[in-house]
$ cat start00.cif   # mmCIF, C-alpha atoms (C1' of nucleotides)
data_target
#
loop_
_atom_site.label_atom_id
_atom_site.label_comp_id
_atom_site.auth_asym_id
_atom_site.auth_seq_id
_atom_site.Cartn_x
_atom_site.Cartn_y
_atom_site.Cartn_z
CA MET F 3 -14.45 -4.78 11.21
CA ASN F 4 -12.48 -2.73 8.71
CA TYR F 5 -13.40 -1.46 5.30
CA TRP F 6 -11.08 -1.24 2.31
CA LEU F 7 -10.83 -0.32 -1.30
CA PHE F 8 -8.78 -2.61 -3.56
CA LYS F 9 -7.82 -1.47 -7.02
CA SER F 10 -7.60 -3.86 -9.91
CA GLU F 11 -7.22 -3.44 -13.63
CA PRO F 12 -10.16 -5.35 -15.07
CA ASP F 13 -8.12 -6.29 -18.13
CA GLU F 14 -5.92 -8.19 -15.69
CA PHE F 15 -8.45 -9.21 -13.09
CA SER F 16 -12.05 -8.02 -13.00
CA ILE F 17 -14.97 -8.43 -10.64
CA ASP F 18 -16.18 -11.24 -12.91
CA ASP F 19 -12.85 -12.99 -12.60
CA LEU F 20 -13.17 -12.65 -8.85
CA LYS F 21 -16.68 -14.05 -8.97
CA SER F 22 -15.68 -17.12 -10.92
CA SER F 23 -12.67 -17.92 -8.78
CA THR F 24 -13.26 -19.58 -5.43
CA THR F 25 -10.34 -18.02 -3.61
CA THR F 26 -7.97 -15.36 -4.77
CA PRO F 27 -4.61 -14.57 -3.22
CA TRP F 28 -4.13 -10.84 -3.73
CA GLU F 29 -0.64 -11.20 -5.16
CA GLY F 30 1.53 -8.65 -6.84
CA VAL F 31 1.19 -5.70 -4.50
CA ARG F 32 4.66 -4.15 -4.51
CA ASN F 33 4.15 -1.04 -2.52
CA TYR F 34 5.10 -0.86 1.13
CA GLN F 35 2.16 1.13 2.36
CA ALA F 36 -0.29 -1.19 0.65
CA ARG F 37 1.64 -4.20 1.89
CA ASN F 38 1.50 -2.96 5.45
CA PHE F 39 -2.25 -2.63 5.28
CA MET F 40 -2.58 -6.18 3.99
CA ARG F 41 -0.04 -7.66 6.33
CA ASP F 42 -1.09 -5.89 9.50
CA GLU F 43 -4.62 -4.69 9.24
CA CYS F 44 -6.72 -6.70 6.81
CA LYS F 45 -8.78 -9.03 8.97
CA LYS F 46 -10.94 -11.93 8.01
CA GLY F 47 -14.45 -10.72 7.24
CA ASP F 48 -13.40 -7.17 6.38
CA LEU F 49 -15.33 -5.73 3.48
CA ILE F 50 -13.71 -4.47 0.31
CA LEU F 51 -14.86 -2.09 -2.39
CA PHE F 52 -13.61 -3.68 -5.59
CA TYR F 53 -12.38 -0.89 -7.85
CA HIS F 54 -11.70 -1.05 -11.58
CA SER F 55 -8.83 1.21 -12.62
CA SER F 56 -7.14 2.06 -15.92
CA CYS F 57 -10.06 1.00 -18.04
CA LYS F 58 -13.07 2.27 -19.93
CA ASN F 59 -15.46 2.09 -17.03
CA ILE F 60 -13.55 3.39 -14.04
CA GLY F 61 -15.15 2.99 -10.63
CA VAL F 62 -16.31 0.62 -7.93
CA ALA F 63 -17.62 -2.59 -9.46
CA GLY F 64 -18.70 -4.56 -6.43
CA VAL F 65 -17.86 -5.89 -2.99
CA ALA F 66 -15.41 -8.50 -1.81
CA THR F 67 -14.37 -9.79 1.56
CA VAL F 68 -11.11 -10.83 3.20
CA SER F 69 -11.28 -14.62 3.40
CA LYS F 70 -7.78 -15.25 4.75
CA GLU F 71 -5.33 -13.01 6.55
CA ALA F 72 -1.77 -12.24 5.53
CA PHE F 73 0.69 -14.85 4.27
CA PRO F 74 3.78 -14.51 2.07
CA ASP F 75 2.99 -13.69 -1.54
CA LYS F 76 4.44 -16.63 -3.43
CA ALA F 77 4.84 -14.78 -6.70
CA GLN F 78 7.85 -13.01 -5.20
CA PHE F 79 9.78 -16.33 -5.18
CA ASP F 80 8.86 -17.30 -8.73
CA GLU F 81 11.55 -16.28 -11.19
CA ASN F 82 9.10 -16.50 -14.03
CA SER F 83 6.56 -14.22 -12.46
CA PRO F 84 6.44 -10.52 -13.28
CA TYR F 85 6.16 -10.07 -9.52
CA TYR F 86 9.40 -11.90 -8.80
CA ASP F 87 11.60 -10.10 -6.28
CA PRO F 88 15.21 -11.31 -6.15
CA LYS F 89 15.75 -9.42 -2.92
CA SER F 90 13.16 -11.45 -1.11
CA SER F 91 13.61 -14.93 0.36
CA GLU F 92 11.43 -17.66 1.81
CA GLU F 93 13.13 -17.17 5.16
CA LYS F 94 12.55 -13.47 5.08
CA PRO F 95 9.70 -12.69 2.75
CA ARG F 96 9.28 -9.08 1.80
CA TRP F 97 5.78 -9.15 0.32
CA PHE F 98 2.54 -10.39 1.78
CA CYS F 99 -0.94 -10.87 0.53
CA CYS F 100 -4.28 -11.87 1.88
CA GLU F 101 -6.97 -13.89 0.23
CA VAL F 102 -10.15 -12.31 -1.02
CA LYS F 103 -13.53 -13.66 -2.00
CA PHE F 104 -16.34 -12.38 -4.14
CA LYS F 105 -19.33 -10.98 -2.33
CA SER F 106 -21.43 -9.02 -4.79
CA LYS F 107 -21.35 -7.24 -8.10
CA PHE F 108 -23.13 -3.96 -8.62
CA ASN F 109 -25.65 -3.74 -11.44
CA LYS F 110 -23.62 -0.82 -12.69
CA VAL F 111 -20.17 0.41 -11.81
CA VAL F 112 -20.27 3.37 -9.45
CA PRO F 113 -18.21 5.80 -11.50
CA LEU F 114 -15.17 7.57 -10.15
CA LYS F 115 -16.71 10.76 -11.47
CA ASP F 116 -19.75 10.36 -9.22
CA ILE F 117 -17.56 9.55 -6.25
CA LYS F 118 -15.59 12.72 -6.86
CA GLU F 119 -18.80 14.71 -7.00
CA ASN F 120 -20.17 13.30 -3.76
CA ALA F 121 -19.33 15.63 -0.86
CA LYS F 122 -19.64 12.77 1.62
CA LEU F 123 -16.77 11.01 -0.10
CA LYS F 124 -14.39 13.91 -0.43
CA ASP F 125 -11.96 12.51 2.13
CA MET F 126 -11.49 9.15 0.46
CA HIS F 127 -7.91 8.40 -0.58
CA LEU F 128 -9.25 7.60 -3.99
CA VAL F 129 -10.26 11.15 -4.80
CA LYS F 130 -7.16 12.79 -3.40
CA LYS F 131 -4.89 14.28 -5.98
CA GLY F 132 -2.09 11.97 -6.98
CA SER F 133 -3.26 9.10 -4.80
CA ARG F 134 -1.86 5.85 -6.14
CA LEU F 135 -2.46 3.56 -3.20
CA SER F 136 -3.80 0.28 -4.50
CA ILE F 137 -5.07 -0.81 -1.09
CA GLN F 138 -6.61 1.86 0.99
CA PRO F 139 -8.70 2.06 4.13
CA VAL F 140 -12.25 3.33 3.79
CA LYS F 141 -14.49 4.63 6.55
CA LYS F 142 -17.69 2.77 7.36
CA ASP F 143 -19.79 5.76 6.34
CA GLU F 144 -17.95 6.01 3.04
CA PHE F 145 -18.36 2.32 2.37
CA GLU F 146 -22.08 2.55 3.02
CA GLU F 147 -22.41 5.66 0.91
CA VAL F 148 -20.87 3.87 -2.07
CA LEU F 149 -23.31 1.01 -1.52
CA ASN F 150 -26.15 3.52 -1.49
CA MET F 151 -24.92 4.99 -4.74
CA SER F 152 -24.79 1.53 -6.29
CA ARG F 153 -28.51 1.13 -5.60
CA THR F 154 -29.56 4.38 -7.20
CA ILE F 155 -27.69 4.36 -10.49
"C1'" DG O 24 -0.74 8.13 -25.95
"C1'" DC O 25 0.18 11.89 -22.72
"C1'" DC O 26 1.76 13.44 -18.58
"C1'" DA O 27 1.49 14.73 -13.56
"C1'" DA O 28 2.29 12.78 -9.34
"C1'" DC O 29 4.35 9.60 -6.77
"C1'" DG O 30 7.70 5.85 -5.01
"C1'" DT O 31 12.17 3.71 -5.31
"C1'" DT O 32 16.98 3.40 -6.32
"C1'" DG O 33 21.59 4.43 -5.93
"C1'" DG O 34 25.58 7.57 -6.22
"C1'" DC O 35 27.70 10.86 -3.54
"C1'" DG T 17 20.84 11.65 4.45
"C1'" DC T 18 20.20 14.17 0.13
"C1'" DC T 19 18.46 14.27 -4.26
"C1'" DA T 20 18.52 13.36 -9.31
"C1'" DA T 21 17.16 9.93 -12.29
"C1'" DC T 22 14.22 6.58 -13.31
"C1'" DG T 23 10.06 3.61 -13.36
"C1'" DT T 24 5.15 3.21 -12.39
"C1'" DT T 25 0.41 4.52 -11.68
"C1'" DG T 26 -3.71 5.88 -13.43
"C1'" DG T 27 -6.96 9.50 -15.06
"C1'" DC T 28 -7.87 11.89 -19.08
#
$ encode --input "start00.cif" --output "structure tokens"
Amino acid sequence: MNYWLFKSEPDEFSIDDLKSSTTTPWEGVRNYQARNFMRDECKKGDLILFYHSSCKNIGVAGVATVSKEAFPDKAQFDENSPYYDPKSSEEKPRWFCCEVKFKSKFNKVVPLKDIKENAKLKDMHLVKKGSRLSIQPVKKDEFEEVLNMSRTI
DNA sequence: GCCAACGTTGGC
DNA sequence: GCCAACGTTGGC
């Protein structure tokens, strides 16, 4: 079992949107490192910290799970999609996504600020300077620590 | 809205 | 293969 952190801009897609949708293909990731994680390492049942970025209330908003492993992201073939990639083809897709499902929503968002201040979480990608990875692996201990924090705020 | 840090592109 | 220019991310 692996643990992850997925970033999402809540104005685009929030934890509530995730909750109200039955299945969600995680489309639109256009970064090779993030793609490789999704394509090669995200396994069914893996747990995901759902992170809200670029918003008023920045931090981890809840937990999701991988409900289906990698398949080609169909937005890359759709000329009308902002995620369209003319260099990709159905025969040789460039971008992949997996499907995620809502698991739980925290009573309060665990703020980025608190995560930064927690010594146990100092090695998370998230708090590293300049880290822009939208899909990042998280250690079991780190995952559990964030859950602990969600219970005490 | 600003801007630092990062990733990608493309000319050479 | 280098690297400048550009576009994007994302916290503040």
$ interface_residues --input "start00.cif" --of "chain O" --to "chain F" --cutoff "10 Å" --atoms "only C-alpha atoms (C1' of nucleotides)" --output "list in words"
DA27, DA28, DC29, DG30 and DT31 of chain O
$ resolve_selection --input "start00.cif" --expression "the PyMOL selection byres ((chain O and resi 25) around 9)" --output "tab-separated table (two decimals) with C-alpha atoms (C1' of nucleotides), in the frame of the given file"
chain	number	residue	atom	x	y	z
O	24	DG	C1'	-0.74	8.13	-25.95
O	26	DC	C1'	1.76	13.44	-18.58
T	28	DC	C1'	-7.87	11.89	-19.08
$ residues_around --input "start00.cif" --residues "Glu147 in chain F" --least-positions-apart "3" --cutoff "8 Å" --atoms "all atoms listed in the file" --output "list in words"
Lys122, Leu123, Asp143, Glu144, Asn150 and Met151 of chain F
$ write_last_selection --input "start00.cif" --atoms "C-alpha atoms" --output "tab-separated table (two decimals), in the frame of the given file"
chain	number	residue	atom	x	y	z
F	122	LYS	CA	-19.64	12.77	1.62
F	123	LEU	CA	-16.77	11.01	-0.10
F	143	ASP	CA	-19.79	5.76	6.34
F	144	GLU	CA	-17.95	6.01	3.04
F	150	ASN	CA	-26.15	3.52	-1.49
F	151	MET	CA	-24.92	4.99	-4.74
$ closest_residue --input "start00.cif" --among "F:Asp125, F:Glu71, F:Glu101, F:Glu119" --to "Lys45 in chain F" --atoms "only C-alpha atoms"
F:Glu71
$ closest_residue --input "start00.cif" --among "F:Cys57, F:Ile155, F:Ala77, F:Val112" --to "DG27 in chain T" --atoms "only C-alpha atoms (C1' of nucleotides)"
F:Cys57
$ decode --input "start00.cif" --residues "chain T" --atoms "C-alpha atoms (C1' of nucleotides)" --output "PDB file, in the first residue's frame"
ATOM      1  C1'  DG T  17      23.806  18.687 -25.408  1.00  0.00           C
ATOM      2  C1'  DC T  18      23.628  23.498 -23.917  1.00  0.00           C
ATOM      3  C1'  DC T  19      21.052  27.175 -22.440  1.00  0.00           C
ATOM      4  C1'  DA T  20      18.069  31.306 -23.046  1.00  0.00           C
ATOM      5  C1'  DA T  21      13.434  32.286 -23.342  1.00  0.00           C
ATOM      6  C1'  DC T  22       9.147  31.311 -22.104  1.00  0.00           C
ATOM      7  C1'  DG T  23       5.133  29.421 -19.573  1.00  0.00           C
ATOM      8  C1'  DT T  24       3.343  27.595 -15.253  1.00  0.00           C
ATOM      9  C1'  DT T  25       2.889  26.747 -10.372  1.00  0.00           C
ATOM     10  C1'  DG T  26       1.597  28.219  -6.120  1.00  0.00           C
ATOM     11  C1'  DG T  27       2.519  30.676  -1.719  1.00  0.00           C
ATOM     12  C1'  DC T  28       2.271  35.124  -0.024  1.00  0.00           C
TER      13       DC T  28
END
